[in-house]
Amino acid sequence: MLDKWTAPLTQPPLKKLASAVLRLGVSANQVTITGFLLGMIAIPLLSQGYYFLALLTILANRILDGLDGTLARMSTPSDAGGFLDITLDFVFYSGVVLGFALALPEKNALAACTLIFSFMGTGASFLAYAVMAERHQLKPPHHQHKSLYYLGGLAEGTETIILFVLCCLLPDYFVQLAYGFSAICIWTTILRVWGGYRAIVQAEEQTRTS
């Protein structure tokens, strides 16, 4: 929901940073993999209760995730790079939740499972719609900086970052935050499935009548 407002704010500094990185000869895929590896460090840090250090690795991952896309558009964007980016993003998201489950399994495990379940809904609707949108040329006006086109919703990238920041700063409230965000994700999934289904049906009807 917030991505369409945060993107115009983050793109200018990312473009400046990408220009400097590009001059060093670093590729977008190298940035993607580096960001992913940094993000994965959050799992053992969270499991041991080092929440602030984990937060730093999470923020580093998100910055590099924004940088790789900007860098790709300034050089040579590729479908392979977009595939790598989105796949590692989903692994990272679930990995952070796993870290909180490992930190206090007796308290956090059920809430973490619920959150990953809700992530599955948003992720599946995201990717399934992206495939059909490409096939039927359904490209929404927002998120033009993304490799894949998709339906928006209440829970997108910005909201997920906010969730992880809050969980790291307020780890004692992970259960409440996880259940609350799970509800948002489930509602987002419902909206995406309904909206995506209707859009695809309309596109198919237009194709048949044209």
# chains A, B, ... in the order shown; residues from 1 in each chain; ligands from 1
>>> select_by_dssp(residues="chain A", states="alpha helix (DSSP H)", output="ChimeraX atom specification")
/A:3-23,28-40,42-47,51-74,79-103,105-136,157-169,174-209
>>> closest_atom_pairs(of="segment 78-165 of chain A", to="segment 49-55 of chain A", cutoff="12 Å", atoms="only C-alpha atoms", output="JSON lines")
{"residue": "A:Gly95", "atom": "CA", "partner": "A:Ala54", "partner_atom": "CA", "distance": 11.7}
{"residue": "A:Val96", "atom": "CA", "partner": "A:Ala54", "partner_atom": "CA", "distance": 9.0}
{"residue": "A:Val97", "atom": "CA", "partner": "A:Ala54", "partner_atom": "CA", "distance": 11.8}
{"residue": "A:Gly99", "atom": "CA", "partner": "A:Gly49", "partner_atom": "CA", "distance": 9.1}
{"residue": "A:Phe100", "atom": "CA", "partner": "A:Gly49", "partner_atom": "CA", "distance": 8.5}
{"residue": "A:Ala101", "atom": "CA", "partner": "A:Gly49", "partner_atom": "CA", "distance": 10.9}
{"residue": "A:Leu102", "atom": "CA", "partner": "A:Gly49", "partner_atom": "CA", "distance": 9.3}
{"residue": "A:Ala103", "atom": "CA", "partner": "A:Gly49", "partner_atom": "CA", "distance": 6.1}
{"residue": "A:Leu104", "atom": "CA", "partner": "A:Gly49", "partner_atom": "CA", "distance": 8.8}
{"residue": "A:Ile161", "atom": "CA", "partner": "A:Leu55", "partner_atom": "CA", "distance": 10.1}
{"residue": "A:Ile162", "atom": "CA", "partner": "A:Leu55", "partner_atom": "CA", "distance": 11.0}
{"residue": "A:Leu163", "atom": "CA", "partner": "A:Leu55", "partner_atom": "CA", "distance": 11.2}
{"residue": "A:Phe164", "atom": "CA", "partner": "A:Leu55", "partner_atom": "CA", "distance": 7.7}
{"residue": "A:Val165", "atom": "CA", "partner": "A:Leu55", "partner_atom": "CA", "distance": 6.5}
>>> closest_residue(among="A:Thr158, A:Ser118, A:Ser75, A:Gln206", to="Cys185 of chain A", atoms="only C-alpha atoms")
A:Ser118
>>> residues_around(residues="segment 89-91 of chain A", least_positions_apart="4", cutoff="8 Å", atoms="only C-alpha atoms", output="list of chain:residue names")
A:Phe36, A:Asp85, A:Gly95, A:Gly123
>>> closest_residue(among="A:Ala130, A:Ala178, A:Leu38, A:Ala20", to="Leu59 of chain A", atoms="only C-alpha atoms")
A:Leu38
>>> residues_around(residues="segment 193-205 of chain A", least_positions_apart="3", cutoff="10 Å", atoms="only C-alpha atoms", output="PyMOL selection string")
chain A and resi 121-122+124-126+128-130+132-133+135-138+150-152+187-190+208-210
>>> closest_residue(among="A:Ala72, A:Ala112, A:Met40, A:Val26", to="Cys167 of chain A", atoms="only C-alpha atoms")
A:Ala112
>>> closest_residue(among="A:Ala42, A:Ala28, A:Val131, A:Val21", to="Ser78 of chain A", atoms="only C-alpha atoms")
A:Ala28
>>> atom_distance(atom1="atom CA of Leu191 of chain A", atom2="atom CA of Pro8 of chain A")
24.6 Å
>>> closest_residue(among="A:Lys16, A:Phe119, A:Lys107, A:Ser94", to="Ala183 of chain A", atoms="only C-alpha atoms")
A:Phe119
>>> residues_around(residues="Ala80 of chain A", least_positions_apart="4", cutoff="12 Å", atoms="only C-alpha atoms", output="list of chain:residue names")
A:Ala28, A:Asn29, A:Thr32, A:Ala72, A:Thr76, A:Leu84, A:Asp85, A:Ile86, A:Thr87, A:Ser147, A:Leu148
>>> residues_around(residues="Tyr179 of chain A", least_positions_apart="6", cutoff="9 Å", atoms="only C-alpha atoms", output="PyMOL selection string")
chain A and resi 111-112+114-115
>>> closest_residue(among="A:Phe117, A:Pro171, A:Glu159, A:Leu37", to="Ile186 of chain A", atoms="only C-alpha atoms")
A:Phe117
>>> atom_distance(atom1="atom CA of Glu156 of chain A", atom2="atom CA of Asn108 of chain A")
22.7 Å
>>> atom_distance(atom1="atom CA of Leu88 of chain A", atom2="atom CA of Pro105 of chain A")
24.5 Å
